[in-house]
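Chemist: So here's protein_21.cif (mmCIF, C-alpha atoms and all ligand atoms).
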```
data_input
loop_
_atom_site.label_atom_id
_atom_site.label_comp_id
_atom_site.auth_asym_id
_atom_site.auth_seq_id
_atom_site.Cartn_x
_atom_site.Cartn_y
_atom_site.Cartn_z
CA MET A 1 -19.41 5.71 2.49
CA THR A 2 -17.70 3.15 0.31
CA LYS A 3 -16.22 4.17 -3.00
CA LYS A 4 -17.13 1.72 -5.69
CA ARG A 5 -14.26 -0.68 -6.18
CA GLU A 6 -12.89 -0.58 -9.70
CA ALA A 7 -11.53 -3.66 -11.42
CA PRO A 8 -7.73 -3.77 -11.04
CA TYR A 9 -5.94 -2.41 -14.10
CA LYS A 10 -3.95 -5.59 -14.60
CA LEU A 11 -7.17 -7.60 -14.78
CA LEU A 12 -8.52 -5.27 -17.49
CA GLN A 13 -5.20 -5.48 -19.35
CA LEU A 14 -5.26 -9.27 -19.32
CA GLU A 15 -8.88 -9.26 -20.47
CA ALA A 16 -8.06 -6.98 -23.43
CA LEU A 17 -4.97 -9.01 -24.30
CA LEU A 18 -6.90 -12.29 -24.31
CA LYS A 19 -9.50 -10.78 -26.64
CA ARG A 20 -6.72 -9.94 -29.10
CA LEU A 21 -4.65 -13.11 -28.77
CA PRO A 22 -5.21 -15.89 -31.34
CA ALA A 23 -6.89 -19.05 -29.98
CA ASN A 24 -3.80 -21.15 -30.68
CA HIS A 25 -1.21 -18.75 -29.25
CA PRO A 26 1.25 -20.73 -27.06
CA LYS A 27 1.02 -18.24 -24.19
CA ARG A 28 -2.75 -18.37 -24.10
CA PRO A 29 -3.23 -21.12 -21.44
CA PHE A 30 -0.85 -19.35 -19.08
CA LEU A 31 -2.47 -15.94 -19.61
CA GLU A 32 -5.93 -17.42 -19.09
CA GLN A 33 -4.73 -18.88 -15.81
CA GLU A 34 -3.31 -15.49 -14.77
CA TYR A 35 -6.58 -13.83 -15.73
CA HIS A 36 -8.70 -16.25 -13.69
CA LYS A 37 -6.40 -15.95 -10.69
CA ARG A 38 -6.76 -12.17 -10.72
CA LEU A 39 -10.48 -12.36 -11.38
CA ALA A 40 -10.86 -14.58 -8.29
CA GLY A 41 -8.83 -12.02 -6.31
CA TYR A 42 -11.11 -9.22 -7.49
CA ARG A 43 -14.22 -11.24 -6.58
CA GLY A 44 -12.68 -11.73 -3.13
CA GLU A 45 -12.26 -7.96 -2.79
CA GLN A 46 -15.88 -7.45 -3.77
CA GLU A 47 -16.83 -9.92 -1.06
CA ILE A 48 -15.12 -7.61 1.44
CA ASP A 49 -17.20 -4.68 0.16
CA PHE A 50 -20.34 -6.64 0.88
CA TYR A 51 -19.39 -7.01 4.55
CA LEU A 52 -18.17 -3.43 4.81
CA ASN A 53 -21.47 -2.15 3.46
CA TYR A 54 -23.16 -4.34 6.01
CA VAL A 55 -21.61 -2.20 8.74
CA SER A 56 -24.01 0.70 8.63
CA ASP A 57 -21.65 3.22 10.15
CA HIS A 58 -21.90 6.56 8.40
CA HIS A 59 -18.73 7.82 10.01
CA ILE A 60 -16.43 5.56 8.07
CA THR A 61 -15.07 6.03 4.58
CA CYS A 62 -13.56 3.13 2.65
CA LEU A 63 -10.95 3.53 -0.06
CA ASN A 64 -9.90 0.68 -2.31
CA ASN A 65 -6.76 -0.26 -4.24
CA ILE A 66 -4.57 2.56 -3.04
CA ARG A 67 -0.94 2.87 -4.08
CA LEU A 68 1.01 5.63 -2.37
CA ASN A 69 4.60 6.70 -2.34
CA TYR A 70 6.69 7.69 0.63
CA ASP A 71 10.31 8.62 0.04
CA SER A 72 10.32 6.61 -3.24
CA GLN A 73 8.95 3.54 -1.49
CA TYR A 74 5.59 2.46 -2.85
CA PHE A 75 3.01 0.79 -0.70
CA GLN A 76 -0.27 -0.70 -1.77
CA ILE A 77 -3.36 -1.08 0.37
CA ASP A 78 -6.30 -3.23 -0.76
CA THR A 79 -8.84 -1.47 1.48
CA LEU A 80 -8.38 1.41 3.88
CA VAL A 81 -11.16 2.16 6.32
CA ILE A 82 -11.00 5.73 7.58
CA SER A 83 -12.88 6.38 10.80
CA PRO A 84 -12.60 9.56 12.90
CA GLN A 85 -11.07 7.36 15.63
CA TYR A 86 -8.76 5.02 13.73
CA LEU A 87 -7.49 3.83 10.37
CA LEU A 88 -7.92 0.20 9.41
CA ILE A 89 -5.81 -1.52 6.74
CA LEU A 90 -7.34 -4.63 5.20
CA GLU A 91 -4.99 -6.84 3.23
CA ILE A 92 -7.15 -9.19 1.21
CA LYS A 93 -5.93 -12.69 0.40
CA ASN A 94 -7.74 -15.10 -1.83
CA ILE A 95 -6.13 -18.38 -0.87
CA THR A 96 -7.82 -21.79 -1.00
CA GLY A 97 -6.96 -24.83 1.09
CA THR A 98 -5.34 -24.71 4.52
CA ILE A 99 -2.98 -21.91 5.46
CA TYR A 100 -0.53 -22.16 8.28
CA PHE A 101 1.18 -19.10 9.77
CA ASP A 102 4.52 -19.85 11.34
CA GLU A 103 5.26 -16.65 13.20
CA GLN A 104 8.60 -17.78 14.55
CA PHE A 105 10.01 -18.17 11.06
CA GLY A 106 7.86 -15.44 9.47
CA GLN A 107 6.44 -17.87 6.99
CA LEU A 108 3.07 -18.63 5.47
CA ILE A 109 2.59 -22.19 4.29
CA ARG A 110 -0.30 -23.18 2.14
CA ILE A 111 -1.46 -26.78 1.97
CA TYR A 112 -3.66 -27.55 -0.99
CA GLU A 113 -4.45 -30.87 -2.65
CA GLY A 114 -1.74 -32.58 -0.59
CA LYS A 115 0.98 -30.13 -1.65
CA GLN A 116 2.80 -27.63 0.55
CA GLU A 117 3.82 -24.24 -0.76
CA GLY A 118 5.62 -21.38 0.97
CA MET A 119 4.17 -17.90 0.42
CA ARG A 120 5.11 -14.33 1.24
CA ASP A 121 4.41 -13.48 4.85
CA PRO A 122 1.39 -11.13 4.85
CA ILE A 123 2.07 -10.09 8.46
CA PHE A 124 5.35 -8.55 7.38
CA GLN A 125 3.55 -7.00 4.43
CA VAL A 126 0.89 -5.22 6.53
CA GLN A 127 3.51 -4.13 9.06
CA ARG A 128 5.35 -2.40 6.24
CA GLN A 129 2.13 -0.78 5.00
CA LYS A 130 1.39 0.45 8.50
CA ASN A 131 4.84 1.98 8.97
CA LEU A 132 4.83 3.68 5.60
CA LEU A 133 1.29 4.99 6.01
CA LEU A 134 2.23 6.51 9.33
CA LYS A 135 5.21 8.28 7.78
CA TRP A 136 3.05 9.38 4.88
CA LEU A 137 0.47 10.91 7.27
CA LYS A 138 3.21 12.78 9.08
CA LYS A 139 4.76 14.09 5.88
CA ASN A 140 1.37 15.30 4.63
CA HIS A 141 0.60 17.02 7.95
CA PHE A 142 -2.25 14.79 9.04
CA PRO A 143 -2.83 13.86 12.67
CA LEU A 144 -1.35 10.47 13.50
CA TRP A 145 -4.44 8.31 13.73
CA PRO A 146 -4.00 4.93 15.39
CA ILE A 147 -3.56 2.37 12.61
CA GLU A 148 -4.93 -1.16 12.83
CA ALA A 149 -4.29 -3.84 10.23
CA PHE A 150 -5.94 -7.16 9.43
CA ILE A 151 -5.31 -9.82 6.85
CA VAL A 152 -8.64 -10.90 5.46
CA ILE A 153 -9.07 -14.31 3.89
CA SER A 154 -11.78 -13.81 1.30
CA ASN A 155 -12.47 -17.49 0.73
CA PRO A 156 -14.78 -18.67 3.56
CA SER A 157 -13.77 -22.33 3.21
CA THR A 158 -10.06 -21.69 3.79
CA ILE A 159 -8.79 -23.18 7.04
CA ILE A 160 -6.51 -20.90 9.06
CA LYS A 161 -3.91 -22.46 11.40
CA THR A 162 -1.14 -20.83 13.38
CA SER A 163 1.85 -21.55 15.58
CA ASN A 164 1.08 -18.43 17.57
CA THR A 165 -0.75 -18.42 20.89
CA GLN A 166 -1.42 -14.67 20.70
CA PRO A 167 -4.55 -13.53 18.88
CA LEU A 168 -3.64 -13.17 15.24
CA HIS A 169 -4.77 -10.40 12.98
CA ILE A 170 -5.88 -12.86 10.35
CA VAL A 171 -9.61 -13.32 9.89
CA HIS A 172 -12.23 -14.63 7.54
CA VAL A 173 -14.20 -12.08 5.58
CA THR A 174 -17.36 -12.65 7.63
CA LYS A 175 -15.59 -11.23 10.70
CA ILE A 176 -15.32 -7.71 9.27
CA PRO A 177 -18.46 -6.25 10.90
CA GLU A 178 -17.27 -7.67 14.23
CA ILE A 179 -13.82 -6.08 13.84
CA ILE A 180 -15.30 -2.65 13.07
CA HIS A 181 -17.64 -2.99 16.01
CA HIS A 182 -14.72 -3.93 18.26
CA LEU A 183 -12.55 -1.02 17.03
CA ASN A 184 -15.40 1.46 17.50
CA LYS A 185 -15.44 0.41 21.15
CA LYS A 186 -11.67 0.24 21.56
CA TYR A 187 -11.14 3.79 20.32
CA PRO A 188 -13.53 6.15 22.07
CA PRO A 189 -15.04 9.03 20.10
CA VAL A 190 -12.50 11.77 19.58
CA LYS A 191 -13.06 15.29 20.88
CA THR A 192 -11.15 17.09 18.15
CA LEU A 193 -12.54 16.61 14.71
CA THR A 194 -10.23 14.48 12.56
CA PRO A 195 -10.14 15.50 8.90
CA VAL A 196 -11.64 12.28 7.46
CA ALA A 197 -12.80 13.86 4.18
CA GLU A 198 -9.52 15.74 3.72
CA LEU A 199 -7.54 12.55 4.19
CA ALA A 200 -9.74 10.63 1.73
CA ASP A 201 -9.34 13.44 -0.84
CA LYS A 202 -5.58 13.64 -0.37
CA ILE A 203 -5.16 9.89 -0.79
CA ALA A 204 -7.29 9.94 -3.96
CA GLU A 205 -5.17 12.81 -5.29
CA MET A 206 -1.84 11.12 -4.48
CA ASN A 207 -2.92 7.66 -5.60
CA GLN A 208 -0.56 6.24 -8.23
CA PRO A 209 -2.00 3.06 -9.72
CA LEU A 210 0.66 0.77 -11.12
CA VAL A 211 0.54 0.68 -14.92
CA THR A 212 2.85 -1.79 -16.59
CA ASP A 213 3.60 -2.68 -20.20
CA ILE A 214 1.72 -5.94 -20.41
CA LEU A 215 3.31 -7.09 -23.71
CA ASP A 216 6.73 -6.64 -22.20
CA GLU A 217 5.76 -8.30 -18.93
CA TYR A 218 4.48 -11.48 -20.61
CA ALA A 219 6.91 -11.30 -23.55
CA ILE A 220 4.19 -11.17 -26.20
CA ASP A 221 5.15 -10.13 -29.74
CA PRO A 222 2.74 -7.30 -30.71
CA GLY A 223 2.79 -8.71 -34.24
CA HIS A 224 0.89 -11.77 -32.99
CA LEU A 225 -2.16 -9.80 -31.86
CA ILE A 226 -5.40 -9.87 -33.84
CA LYS A 227 -6.00 -6.50 -35.46
CA GLY A 228 -9.22 -4.88 -36.59
CA VAL A 229 -12.37 -3.38 -35.12
CA ARG A 230 -13.78 -5.57 -32.33
CA CYS A 231 -17.53 -6.19 -32.28
CA PRO A 232 -18.93 -4.50 -29.15
CA ASN A 233 -21.70 -7.10 -29.11
CA CYS A 234 -19.83 -10.44 -29.37
CA ASP A 235 -16.08 -9.52 -29.34
CA PHE A 236 -15.48 -10.94 -32.83
CA ILE A 237 -12.59 -9.32 -34.74
CA PRO A 238 -12.62 -7.86 -37.37
CA MET A 239 -15.89 -6.11 -38.15
CA LYS A 240 -16.53 -5.25 -41.77
CA LYS A 241 -17.16 -1.72 -43.01
CA ILE A 242 -20.27 -1.28 -45.11
CA TRP A 243 -20.60 2.32 -46.21
CA LYS A 244 -20.61 4.40 -43.04
CA LYS A 245 -21.47 1.52 -40.78
CA TRP A 246 -19.70 -1.53 -39.42
CA GLN A 247 -21.13 -5.00 -39.47
CA CYS A 248 -20.12 -8.07 -37.52
CA THR A 249 -19.85 -11.12 -39.76
CA LYS A 250 -20.45 -13.37 -36.78
CA CYS A 251 -23.46 -11.91 -34.91
CA HIS A 252 -24.60 -9.44 -37.63
CA PHE A 253 -24.57 -6.50 -35.22
CA ILE A 254 -24.54 -3.21 -37.19
CA SER A 255 -23.53 0.18 -35.86
CA GLN A 256 -21.66 3.36 -36.60
CA HIS A 257 -20.35 3.63 -33.06
CA VAL A 258 -17.99 0.73 -32.69
CA TYR A 259 -14.58 2.24 -31.99
CA GLU A 260 -14.67 2.63 -28.24
CA THR A 261 -14.11 -1.04 -27.32
CA SER A 262 -11.19 -1.30 -29.73
CA LEU A 263 -9.61 1.89 -28.45
CA ASP A 264 -9.98 0.56 -24.92
CA ASP A 265 -8.07 -2.54 -26.03
CA TYR A 266 -5.34 -0.39 -27.51
CA LYS A 267 -5.01 1.73 -24.40
CA LEU A 268 -4.83 -1.28 -22.08
CA ILE A 269 -2.30 -3.11 -24.26
CA PHE A 270 -0.14 -0.32 -25.69
CA GLY A 271 -0.86 2.72 -23.52
CA ASN A 272 -2.67 5.98 -24.24
CA LYS A 273 -0.37 7.31 -26.98
CA ILE A 274 -1.17 6.64 -30.64
CA THR A 275 -0.39 8.01 -34.10
CA ASN A 276 -2.69 8.20 -37.11
CA ARG A 277 -0.71 5.39 -38.73
CA GLY A 278 -0.75 3.34 -35.52
CA LEU A 279 -4.52 3.66 -35.32
CA ARG A 280 -5.02 2.62 -38.96
CA ASP A 281 -2.75 -0.35 -38.42
CA PHE A 282 -4.51 -1.46 -35.22
CA LEU A 283 -8.06 -1.05 -36.56
CA LYS A 284 -7.12 -2.15 -40.08
CA ILE A 285 -8.61 0.86 -41.75
CA ARG A 286 -7.16 2.30 -44.94
CA SER A 287 -8.47 5.83 -44.87
CA ARG A 288 -6.34 8.44 -43.17
CA SER A 289 -9.36 10.71 -42.85
CA THR A 290 -11.46 8.04 -41.10
CA ALA A 291 -8.59 7.64 -38.64
CA TRP A 292 -8.46 11.41 -38.27
CA TYR A 293 -12.22 11.48 -37.60
CA ILE A 294 -11.88 8.80 -34.87
CA LEU A 295 -8.94 10.62 -33.29
CA GLN A 296 -10.89 13.89 -33.14
CA LYS A 297 -13.59 12.06 -31.22
CA PHE A 298 -11.48 10.31 -28.64
CA VAL A 299 -8.27 12.27 -28.26
CA THR A 300 -7.80 14.59 -25.31
CA GLU A 301 -4.33 15.93 -26.14
CA LYS A 302 -1.90 16.02 -29.06
CA LYS A 303 1.80 16.66 -29.37
CA GLY A 304 3.96 17.20 -32.46
CA THR A 305 3.29 18.49 -35.94
CA ASN A 306 1.23 17.19 -38.85
CA ARG A 307 2.46 13.77 -39.90
CA LYS A 308 4.55 13.33 -36.78
CA MET A 309 1.66 13.93 -34.42
CA ASP A 310 1.24 11.84 -31.27
CA TYR A 311 -2.29 11.63 -29.94
CA PHE A 312 -3.23 10.92 -26.33
CA PHE A 313 -6.57 9.53 -25.29
ZN ZN A 401 -20.52 -9.61 -33.22
#
```
Can you dump the structure from the file as structure tokens?
Modeler:
Amino acid sequence: MTKKREAPYKLLQLEALLKRLPANHPKRPFLEQEYHKRLAGYRGEQEIDFYLNYVSDHHITCLNNIRLNYDSQYFQIDTLVISPQYLLILEIKNITGTIYFDEQFGQLIRIYEGKQEGMRDPIFQVQRQKNLLLKWLKKNHFPLWPIEAFIVISNPSTIIKTSNTQPLHIVHVTKIPEIIHHLNKKYPPVKTLTPVAELADKIAEMNQPLVTDILDEYAIDPGHLIKGVRCPNCDFIPMKKIWKKWQCTKCHFISQHVYETSLDDYKLIFGNKITNRGLRDFLKIRSRSTAWYILQKFVTEKKGTNRKMDYFF
């Protein structure tokens, strides 16, 4: 069973931000680059899913984009394969060019278009994930499964080189079925039933995705964003209100139900807390009662009194 991989939150945030950033904003080229880098990373992760699904083993469960906390240390795992016999951490790297692992110095060097660039050592990274996951299992009273870890290069044309003579745990994505096959043989079937489903549930429950303030992170002035209702059909902002309906002046799409995409933008850029005034300002609507109507539809919780009410959605 593989849980459908969701797009990383940061990717969605960048997407929403770019939709609301004027075409001539000075930060735009940089943010577009960031967006495409993360999109390529996400595509690489989806590539992994393809090979994992290819392994038709009903005993394994795959969890994606996990972020857990042990003793106030956070650790993030791209993909965790839970088998009754073992746990397998897959750290997914989308790197193009030639990569060279220098184990002696704990360094990863990437050579691309004639340039050399030092990168964070993924071997150290997975070692840390392994150690923390083991402690986490212990703390949450799970049996201590053997943990295996591999760094998966999602780009099939990347050339992997190493200074090490020992077999490295760095593989191309196409090797995944082979790895699972090998691990299934290495760890014989267990006699006592390991709580695979319980572990998967507990991880899902304790998962703490990282949510950051994207405006703060990229130092974007909120006043520079394009406000108004975004057309769900062509992304043009703002739509025009004609009686009870909204019309797009660009693609002529007409509908009453147009708020969801704009509220998604708000949530991704500013977070899930909004006021009536904040909503009117963001959607550029004058009527307090229209704002109230929208809030009633989308809000799940409210705090405060009357005019000082904060809405959560
Ligand atoms: Zn449109």
Chemist: Go through the chains and note each residue within 10 Å of ligand ZN 401 (chain A), using only C-alpha atoms and all ligand atoms, then give the set as a list in words.
Modeler: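 For ligand ZN 401 (chain A), the residues inside 10 Å are Arg230, Cys231, Pro232, Asn233, Cys234, Asp235, Phe236, Ile237, Pro238, Met239, Gln247, Cys248, Thr249, Lys250, Cys251, His252, Phe253 and Ile254 of chain A.
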Chemist: Kindly list the centre and edge lengths in Å, rounded to one decimal, for the axis-aligned box that covers all listed atoms of range 196-209 of chain A plus 6 Å on each of its six sides, as AutoDock Vina command-line options.
Modeler:
```
--center_x -6.7 --center_y 9.4 --center_z -1.1 --size_x 24.2 --size_y 24.7 --size_z 29.2
```
Chemist: Determine the nearest neighbour of Trp136 in chain A from the options A:Asn155, A:Gln33, A:Ser72, A:Gln116, counting all atoms listed in the file.
Modeler: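 Answer, going by the shortest atom-to-atom distance: A:Ser72.
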Chemist: Between A:Pro195, A:Gln76, A:Asp71, A:Ile180, which residue has the minimum interatomic distance to Lys139 in chain A, considering only C-alpha atoms?
Modeler: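 Using only C-alpha atoms, Lys139 in chain A sits closest to A:Asp71.
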Chemist: What lies within 12 Å of range 262-271 of chain A using only C-alpha atoms, ignoring chain neighbours under 5 positions off, as JSON, numbers by chain?
Modeler: {"A": [8, 9, 10, 11, 12, 13, 14, 15, 16, 17, 18, 19, 20, 21, 211, 212, 213, 214, 215, 216, 217, 218, 220, 221, 222, 225, 226, 227, 228, 229, 230, 231, 232, 235, 236, 237, 238, 239, 257, 278, 279, 280, 281, 282, 283, 284, 291, 294, 295, 297, 298, 299, 311, 312, 313]}
Chemist: Using only C-alpha atoms, which residues of range 130-156 of chain A come within 12 Å of range 201-208 of chain A, and what is the closest atom pair for each, with the distance in Å to one decimal? Give it as a Markdown table, sorted by chain and residue number.
Modeler:
```
| residue | atom | partner | partner_atom | distance |
| --- | --- | --- | --- | --- |
| A:Leu133 | CA | A:Ile203 | CA | 10.6 |
| A:Trp136 | CA | A:Ile203 | CA | 10.0 |
| A:Leu137 | CA | A:Ile203 | CA | 9.9 |
| A:Asn140 | CA | A:Lys202 | CA | 8.7 |
| A:His141 | CA | A:Lys202 | CA | 10.9 |
| A:Phe142 | CA | A:Lys202 | CA | 10.0 |
```
Chemist: For Gln107 in chain A, find every residue with an atom within 9 Å (counting all atoms listed in the file), except residues of its own chain fewer than 6 positions away, and show them as a PyMOL selection string.
Modeler: chain A and resi 100-101+118-122
Chemist: Which distance in Å separates CA of Pro188 in chain A and CA of Arg67 in chain A, to one decimal?
Modeler: 29.2 Å
Chemist: Looking at only C-alpha atoms, which of A:Arg277, A:Ile242, A:Thr96, A:Gln125 is the one that sits closest to Ala40 in chain A?
Modeler: A:Thr96
Chemist: Work out how far CA of Thr158 in chain A is from CA of Lys115 in chain A, in Å to one decimal.
Modeler: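 These atoms are spaced 14.9 Å apart.
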